[in-house]
>>> print(open('final-v8.txt').read())   # compact mmCIF, C-alpha atoms
# COMPACT_ATOMS: atom_id res chain seq x y z
CA MET A 1 58.46 -74.37 -10.06
CA LYS A 2 56.76 -75.19 -13.35
CA LYS A 3 57.98 -73.78 -16.64
CA THR A 4 55.60 -71.13 -18.02
CA PHE A 5 54.91 -69.62 -21.44
CA THR A 6 53.36 -66.36 -22.58
CA ILE A 7 50.51 -66.75 -25.05
CA ASN A 8 48.02 -64.48 -26.79
CA ILE A 9 44.41 -65.61 -26.98
CA SER A 10 41.99 -63.33 -28.82
CA GLY A 11 44.17 -60.28 -28.12
CA THR A 12 44.68 -61.02 -24.42
CA VAL A 13 48.07 -62.09 -23.04
CA PHE A 14 48.26 -64.92 -20.49
CA HIS A 15 51.03 -66.70 -18.62
CA ILE A 16 50.43 -70.44 -18.81
CA GLU A 17 52.13 -73.47 -17.28
CA GLU A 18 53.82 -75.91 -19.66
CA ASP A 19 51.42 -78.83 -19.18
CA ALA A 20 48.42 -76.49 -19.50
CA PHE A 21 49.93 -74.97 -22.65
CA GLU A 22 50.33 -78.38 -24.29
CA LYS A 23 46.78 -79.38 -23.38
CA LEU A 24 45.30 -76.08 -24.60
CA GLN A 25 47.32 -76.26 -27.83
CA VAL A 26 45.94 -79.73 -28.61
CA TYR A 27 42.41 -78.54 -27.80
CA LEU A 28 42.62 -75.46 -30.05
CA GLN A 29 44.13 -77.49 -32.89
CA SER A 30 41.30 -80.02 -32.67
CA LEU A 31 38.82 -77.13 -32.95
CA LYS A 32 40.65 -75.70 -35.98
CA ASP A 33 40.65 -79.11 -37.67
CA TYR A 34 36.95 -79.62 -36.96
CA PHE A 35 35.76 -76.19 -38.13
CA ALA A 36 38.10 -75.96 -41.13
CA THR A 37 35.35 -77.21 -43.44
CA GLN A 38 32.36 -75.84 -41.52
CA SER A 39 30.27 -72.94 -42.77
CA GLY A 40 31.46 -69.79 -40.98
CA GLY A 41 34.27 -71.83 -39.43
CA GLN A 42 36.72 -68.97 -38.91
CA GLU A 43 34.10 -66.75 -37.26
CA ILE A 44 33.09 -69.63 -34.99
CA LEU A 45 36.73 -70.21 -34.03
CA ASP A 46 37.25 -66.51 -33.30
CA ASP A 47 34.23 -66.47 -30.97
CA ILE A 48 35.32 -69.68 -29.24
CA GLU A 49 38.78 -68.24 -28.61
CA LEU A 50 37.20 -65.03 -27.31
CA ARG A 51 35.08 -67.07 -24.90
CA ILE A 52 38.12 -69.04 -23.73
CA ALA A 53 39.94 -65.75 -23.08
CA GLU A 54 36.94 -64.48 -21.07
CA LEU A 55 36.87 -67.63 -18.93
CA LEU A 56 40.61 -67.43 -18.30
CA GLN A 57 40.30 -63.76 -17.30
CA GLU A 58 37.62 -64.73 -14.80
CA LYS A 59 40.00 -67.28 -13.27
CA MET A 60 42.92 -64.85 -13.27
CA ALA A 61 40.77 -62.42 -11.27
CA GLU A 62 40.92 -64.96 -8.42
CA GLY A 63 44.62 -64.18 -7.95
CA GLN A 64 46.39 -66.98 -9.80
CA GLU A 65 49.38 -65.77 -11.84
CA ALA A 66 49.48 -68.51 -14.50
CA VAL A 67 46.93 -70.70 -16.27
CA THR A 68 46.96 -74.26 -14.93
CA ALA A 69 46.06 -77.59 -16.51
CA GLU A 70 43.06 -77.79 -14.17
CA TRP A 71 41.70 -74.56 -15.65
CA VAL A 72 42.08 -75.90 -19.16
CA ASP A 73 40.23 -79.09 -18.14
CA GLU A 74 37.43 -76.98 -16.67
CA ILE A 75 37.16 -74.87 -19.82
CA MET A 76 37.10 -77.96 -22.03
CA HIS A 77 34.36 -79.42 -19.83
CA ARG A 78 32.28 -76.25 -20.07
CA MET A 79 32.85 -75.56 -23.76
CA GLY A 80 32.75 -79.14 -25.01
CA ASN A 81 35.01 -81.07 -27.39
CA PRO A 82 34.59 -81.60 -31.13
CA GLU A 83 34.65 -85.36 -30.62
CA ASP A 84 31.54 -85.02 -28.43
CA PHE A 85 29.43 -84.48 -31.55
CA THR A 86 31.62 -85.57 -34.49
CA ASP A 87 29.43 -88.66 -34.92
CA GLN A 88 26.27 -86.58 -34.98
CA GLU A 89 26.84 -84.88 -38.35
CA GLN A 90 24.06 -86.59 -40.31
CA PRO A 91 21.01 -84.30 -40.88
CA GLU A 92 18.61 -86.76 -39.28
CA ASN A 93 20.65 -86.59 -36.07
CA ALA A 94 21.18 -82.84 -36.11
CA GLY A 95 18.65 -82.30 -33.35
CA THR A 96 20.11 -84.94 -31.07
CA ARG A 97 23.66 -83.68 -30.58
CA PRO A 98 24.76 -84.22 -27.00
CA GLN A 99 25.21 -80.98 -25.15
CA PRO A 100 28.31 -80.63 -22.97
CA LYS A 101 27.63 -80.45 -19.28
CA GLY A 102 28.01 -76.78 -18.49
CA GLU A 103 26.93 -74.54 -15.70
CA LYS A 104 23.58 -72.84 -15.89
CA THR A 105 23.97 -69.32 -17.22
CA LYS A 106 21.98 -66.52 -15.67
CA LYS A 107 20.30 -64.25 -18.15
CA ARG A 108 21.83 -60.82 -18.58
CA LEU A 109 20.04 -57.76 -19.87
CA TYR A 110 21.47 -56.45 -23.13
CA ARG A 111 20.14 -54.33 -25.95
CA ASP A 112 19.40 -56.56 -28.93
CA ASP A 113 20.79 -54.49 -31.79
CA GLU A 114 20.11 -57.17 -34.41
CA ASN A 115 16.31 -57.10 -33.88
CA ARG A 116 15.98 -53.45 -32.97
CA VAL A 117 13.50 -50.86 -34.12
CA LEU A 118 15.19 -47.98 -32.31
CA GLY A 119 17.79 -48.81 -29.72
CA GLY A 120 17.13 -52.52 -29.20
CA VAL A 121 15.81 -51.97 -25.67
CA CYS A 122 12.46 -53.70 -26.17
CA SER A 123 13.94 -56.66 -28.07
CA GLY A 124 16.58 -57.07 -25.35
CA MET A 125 13.98 -56.93 -22.58
CA SER A 126 11.78 -59.41 -24.43
CA ALA A 127 14.65 -61.92 -24.51
CA TYR A 128 15.33 -61.35 -20.80
CA PHE A 129 11.69 -61.68 -19.68
CA ASP A 130 10.60 -64.22 -22.36
CA ILE A 131 7.83 -62.06 -23.78
CA ASP A 132 6.97 -60.84 -27.26
CA PRO A 133 8.94 -57.67 -28.15
CA VAL A 134 5.88 -56.36 -30.03
CA PHE A 135 3.98 -56.24 -26.73
CA LEU A 136 6.67 -54.07 -25.12
CA ARG A 137 6.88 -51.75 -28.12
CA ILE A 138 3.11 -51.26 -28.15
CA LEU A 139 3.17 -50.66 -24.38
CA PHE A 140 5.85 -47.96 -24.65
CA VAL A 141 4.00 -46.24 -27.52
CA LEU A 142 0.64 -46.36 -25.70
CA LEU A 143 2.15 -44.88 -22.55
CA ILE A 144 3.66 -42.04 -24.55
CA PHE A 145 0.35 -41.26 -26.31
CA LEU A 146 -1.52 -41.49 -23.00
CA GLY A 147 0.63 -38.70 -21.69
CA VAL A 148 2.93 -40.77 -19.52
CA GLY A 149 6.05 -39.00 -20.73
CA VAL A 150 8.22 -40.73 -18.18
CA SER A 151 8.12 -43.88 -20.36
CA ALA A 152 10.10 -42.08 -23.07
CA ILE A 153 12.63 -40.98 -20.45
CA VAL A 154 12.90 -44.52 -19.09
CA TYR A 155 13.49 -45.83 -22.61
CA LEU A 156 16.24 -43.28 -23.23
CA ILE A 157 17.90 -44.11 -19.91
CA LEU A 158 17.82 -47.84 -20.71
CA TRP A 159 19.21 -47.09 -24.17
CA ILE A 160 22.17 -45.35 -22.54
CA VAL A 161 22.71 -47.64 -19.53
CA VAL A 162 22.04 -51.14 -20.91
CA PRO A 163 25.00 -52.47 -22.95
CA LYS A 164 24.52 -53.73 -26.48
CA ALA A 165 24.96 -57.47 -27.11
CA GLN A 166 27.98 -57.36 -29.43
CA THR A 167 29.58 -60.79 -29.15
CA THR A 168 28.05 -64.22 -29.66
CA THR A 169 28.62 -64.96 -25.96
CA GLN A 170 26.65 -61.86 -24.98
CA ARG A 171 23.79 -62.80 -27.32
CA LEU A 172 23.70 -66.25 -25.72
CA GLU A 173 23.79 -64.74 -22.21
CA MET A 174 20.87 -62.52 -23.25
CA ARG A 175 18.85 -65.71 -23.82
CA GLY A 176 20.26 -67.49 -20.76
CA GLU A 177 22.24 -70.03 -22.77
CA GLU A 178 25.74 -71.31 -21.98
CA ALA A 179 28.40 -70.25 -24.49
CA THR A 180 29.42 -73.77 -25.49
CA ILE A 181 30.97 -74.78 -28.82
CA THR A 182 27.62 -76.14 -30.00
CA ASN A 183 25.66 -73.00 -29.07
CA ILE A 184 28.24 -70.66 -30.58
CA GLN A 185 28.27 -72.65 -33.82
CA LYS A 186 24.47 -72.80 -33.94
CA THR A 187 24.07 -69.07 -33.28
CA ILE A 188 26.57 -67.94 -35.91
CA GLN A 189 25.26 -70.28 -38.59
CA GLU A 190 21.65 -69.29 -37.87
CA GLU A 191 22.56 -65.60 -38.09
CA ALA A 192 24.37 -66.20 -41.39
CA SER A 193 21.32 -68.05 -42.71
CA GLU A 194 19.03 -65.17 -41.71
CA VAL A 195 21.27 -62.67 -43.49
CA LYS A 196 21.18 -64.78 -46.67
CA LYS A 197 17.38 -65.01 -46.48
CA SER A 198 17.10 -61.23 -46.02
CA PHE A 199 19.33 -60.54 -49.04
CA SER A 200 17.37 -63.08 -51.07
CA LYS A 201 14.06 -61.40 -50.18
CA ILE A 202 15.45 -57.97 -51.05
CA ASN A 203 16.89 -59.24 -54.33
CA ASP A 204 13.56 -60.83 -55.28
CA SER A 205 11.47 -57.80 -54.29
CA GLU A 206 9.45 -55.85 -56.86
CA ALA A 207 11.35 -52.63 -56.15
CA VAL A 208 14.73 -54.25 -56.86
CA ARG A 209 13.44 -55.86 -60.07
CA LYS A 210 12.13 -52.51 -61.27
CA GLY A 211 15.42 -50.88 -60.32
CA LYS A 212 17.38 -53.47 -62.29
CA GLY A 213 15.06 -52.92 -65.25
CA LEU A 214 15.62 -49.16 -65.17
CA ILE A 215 19.39 -49.66 -64.90
CA ASN A 216 19.39 -52.05 -67.85
CA LYS A 217 17.23 -49.69 -69.90
CA ALA A 218 19.50 -46.76 -69.07
CA GLY A 219 22.55 -48.85 -69.97
CA ARG A 220 21.08 -49.79 -73.36
CA GLY A 221 20.13 -46.17 -74.02
CA PHE A 222 23.63 -44.98 -73.16
CA GLY A 223 25.11 -47.70 -75.39
CA ARG A 224 22.97 -46.57 -78.35
CA PHE A 225 23.99 -42.97 -77.74
CA VAL A 226 27.69 -43.87 -77.68
CA HIS A 227 27.30 -45.99 -80.83
CA ARG A 228 25.47 -43.19 -82.66
CA PHE A 229 27.95 -40.55 -81.52
CA THR A 230 30.98 -42.60 -82.59
CA GLY A 231 29.28 -43.40 -85.91
CA GLU A 232 28.69 -39.72 -86.60
CA GLN A 233 32.33 -38.95 -85.74
CA GLU A 234 33.54 -41.55 -88.23
CA THR A 235 31.23 -40.17 -90.97
CA GLN A 236 32.54 -36.61 -90.47
CA GLN A 237 36.13 -37.86 -90.78
>>> encode(input="final-v8.txt", output="structure tokens")
Amino acid sequence: MKKTFTINISGTVFHIEEDAFEKLQVYLQSLKDYFATQSGGQEILDDIELRIAELLQEKMAEGQEAVTAEWVDEIMHRMGNPEDFTDQEQPENAGTRPQPKGEKTKKRLYRDDENRVLGGVCSGMSAYFDIDPVFLRILFVLLIFLGVGVSAIVYLILWIVVPKAQTTTQRLEMRGEEATITNIQKTIQEEASEVKKSFSKINDSEAVRKGKGLINKAGRGFGRFVHRFTGEQETQQ
């Protein structure tokens, strides 16, 4: 009988054998050390731990009561190790990082809330079928205007039935990609970059510049009013 521990991974409690616990602890520490200085490191770590918890839950569903060292080895093989691409940090080698050998992931249909116009149905279907989301949106609109009202009903049903891709793993599954360390890191950093670009575009837009100008003008006007009012008060005294 092996000694077991109780651990919490991403909010899920597991019973784990001692040798598996030691191996998993070393693995998680190596990930923390690697991502400590990476952009979005904590978010990447959180998603990696969530994925590990999901994989362990899948194994637990097979009837085993405690996590074994073999499971940890399998997870490490699927997810990858930091040392697999530590030497590939130079920009010129960024596109040649070795990918860990993982199982092929079947695509899953999700609603893509990040690229949605309404409910993210068309953008999710476009990722699943590898077609342009604009084509699907135009198709749905044309069918509605042509009097095929069932298309609107179908869209509403899909909106209700198809789950939204909320986690990084789900967004990768939507594209048929394995949720490895490399893919999780790449996805999160690309999303962060897109957010920065969007904010930069908004900040540099004509409307924002005009808005800032009006705010500054109003601030100067208010300042003059306060100065004049306080000056008049001092004169009366």
>>> residues_around(input="final-v8.txt", residues="stretch 166-174 of chain A", least_positions_apart="4", cutoff="8 Å", atoms="only C-alpha atoms", output="list of chain:residue names")
A:Asp47, A:Arg51, A:Thr105, A:Lys106, A:Lys107, A:Arg108, A:Leu109, A:Tyr110, A:Asp112, A:Gly124, A:Ala127, A:Tyr128, A:Glu178, A:Ala179, A:Asn183, A:Ile184, A:Thr187, A:Ile188
>>> residues_around(input="final-v8.txt", residues="A:Asp33", least_positions_apart="2", cutoff="12 Å", atoms="only C-alpha atoms", output="MDAnalysis selection string")
chainID A and resid 26:31 35:38 41:42 45 81:83 86
>>> atom_distance(input="final-v8.txt", atom1="atom CA of A:Gln25", atom2="atom CA of A:Asp73")
12.3 Å
>>> residues_around(input="final-v8.txt", residues="A:Ile52", least_positions_apart="3", cutoff="9 Å", atoms="all atoms listed in the file", output="PyMOL selection string")
chain A and resi 9-10+47-49+55-57+75+79
>>> atom_distance(input="final-v8.txt", atom1="atom CA of A:Glu65", atom2="atom CA of A:Ile181")
26.6 Å
>>> atom_distance(input="final-v8.txt", atom1="atom CA of A:Ala53", atom2="atom CA of A:Glu177")
18.2 Å
>>> closest_residue(input="final-v8.txt", among="A:Arg175, A:Ser39, A:Gly149, A:Lys23", to="A:Ser193", atoms="all atoms listed in the file")
A:Ser39
>>> residues_around(input="final-v8.txt", residues="stretch 118-123 of chain A", least_positions_apart="5", cutoff="8 Å", atoms="only C-alpha atoms", output="list of chain:residue names")
A:Tyr110, A:Arg111, A:Asp112, A:Asp113, A:Pro133, A:Leu136, A:Arg137, A:Tyr155, A:Leu158, A:Trp159, A:Val162, A:Lys164
>>> build_atoms(input="final-v8.txt", residues="stretch 179-193 of chain A", atoms="N, CA, C and O atoms", output="CSV table (one decimal), in the frame of the given file")
chain,number,residue,atom,x,y,z
A,179,ALA,N,27.6,-70.5,-23.3
A,179,ALA,CA,28.4,-70.2,-24.5
A,179,ALA,C,29.3,-71.5,-24.7
A,179,ALA,O,30.5,-71.4,-24.6
A,180,THR,N,28.7,-72.6,-25.2
A,180,THR,CA,29.4,-73.8,-25.5
A,180,THR,C,29.8,-73.7,-27.0
A,180,THR,O,29.3,-72.9,-27.7
A,181,ILE,N,30.6,-74.7,-27.4
A,181,ILE,CA,31.0,-74.8,-28.8
A,181,ILE,C,29.7,-74.9,-29.7
A,181,ILE,O,29.5,-74.3,-30.7
A,182,THR,N,28.8,-75.8,-29.2
A,182,THR,CA,27.6,-76.1,-30.0
A,182,THR,C,26.7,-74.9,-30.1
A,182,THR,O,26.2,-74.6,-31.2
A,183,ASN,N,26.5,-74.2,-29.0
A,183,ASN,CA,25.7,-73.0,-29.1
A,183,ASN,C,26.3,-71.9,-29.9
A,183,ASN,O,25.5,-71.1,-30.6
A,184,ILE,N,27.6,-71.7,-29.8
A,184,ILE,CA,28.2,-70.7,-30.6
A,184,ILE,C,28.1,-71.0,-32.1
A,184,ILE,O,27.8,-70.1,-32.9
A,185,GLN,N,28.4,-72.2,-32.4
A,185,GLN,CA,28.3,-72.6,-33.8
A,185,GLN,C,26.8,-72.5,-34.3
A,185,GLN,O,26.6,-71.9,-35.4
A,186,LYS,N,25.9,-72.9,-33.5
A,186,LYS,CA,24.5,-72.8,-33.9
A,186,LYS,C,24.1,-71.3,-34.1
A,186,LYS,O,23.4,-71.0,-35.1
A,187,THR,N,24.5,-70.5,-33.2
A,187,THR,CA,24.1,-69.1,-33.3
A,187,THR,C,24.6,-68.4,-34.5
A,187,THR,O,23.9,-67.7,-35.2
A,188,ILE,N,25.9,-68.6,-34.8
A,188,ILE,CA,26.6,-67.9,-35.9
A,188,ILE,C,26.0,-68.4,-37.2
A,188,ILE,O,25.7,-67.7,-38.1
A,189,GLN,N,25.8,-69.7,-37.3
A,189,GLN,CA,25.3,-70.3,-38.6
A,189,GLN,C,23.8,-69.9,-38.8
A,189,GLN,O,23.4,-69.6,-39.9
A,190,GLU,N,23.0,-69.8,-37.7
A,190,GLU,CA,21.6,-69.3,-37.9
A,190,GLU,C,21.6,-67.8,-38.3
A,190,GLU,O,20.8,-67.4,-39.1
A,191,GLU,N,22.5,-67.0,-37.7
A,191,GLU,CA,22.6,-65.6,-38.1
A,191,GLU,C,23.0,-65.4,-39.6
A,191,GLU,O,22.4,-64.6,-40.3
A,192,ALA,N,23.9,-66.2,-40.0
A,192,ALA,CA,24.4,-66.2,-41.4
A,192,ALA,C,23.2,-66.6,-42.3
A,192,ALA,O,23.0,-66.0,-43.4
A,193,SER,N,22.5,-67.6,-41.9
A,193,SER,CA,21.3,-68.0,-42.7
A,193,SER,C,20.3,-67.0,-42.8
A,193,SER,O,19.7,-66.7,-43.9
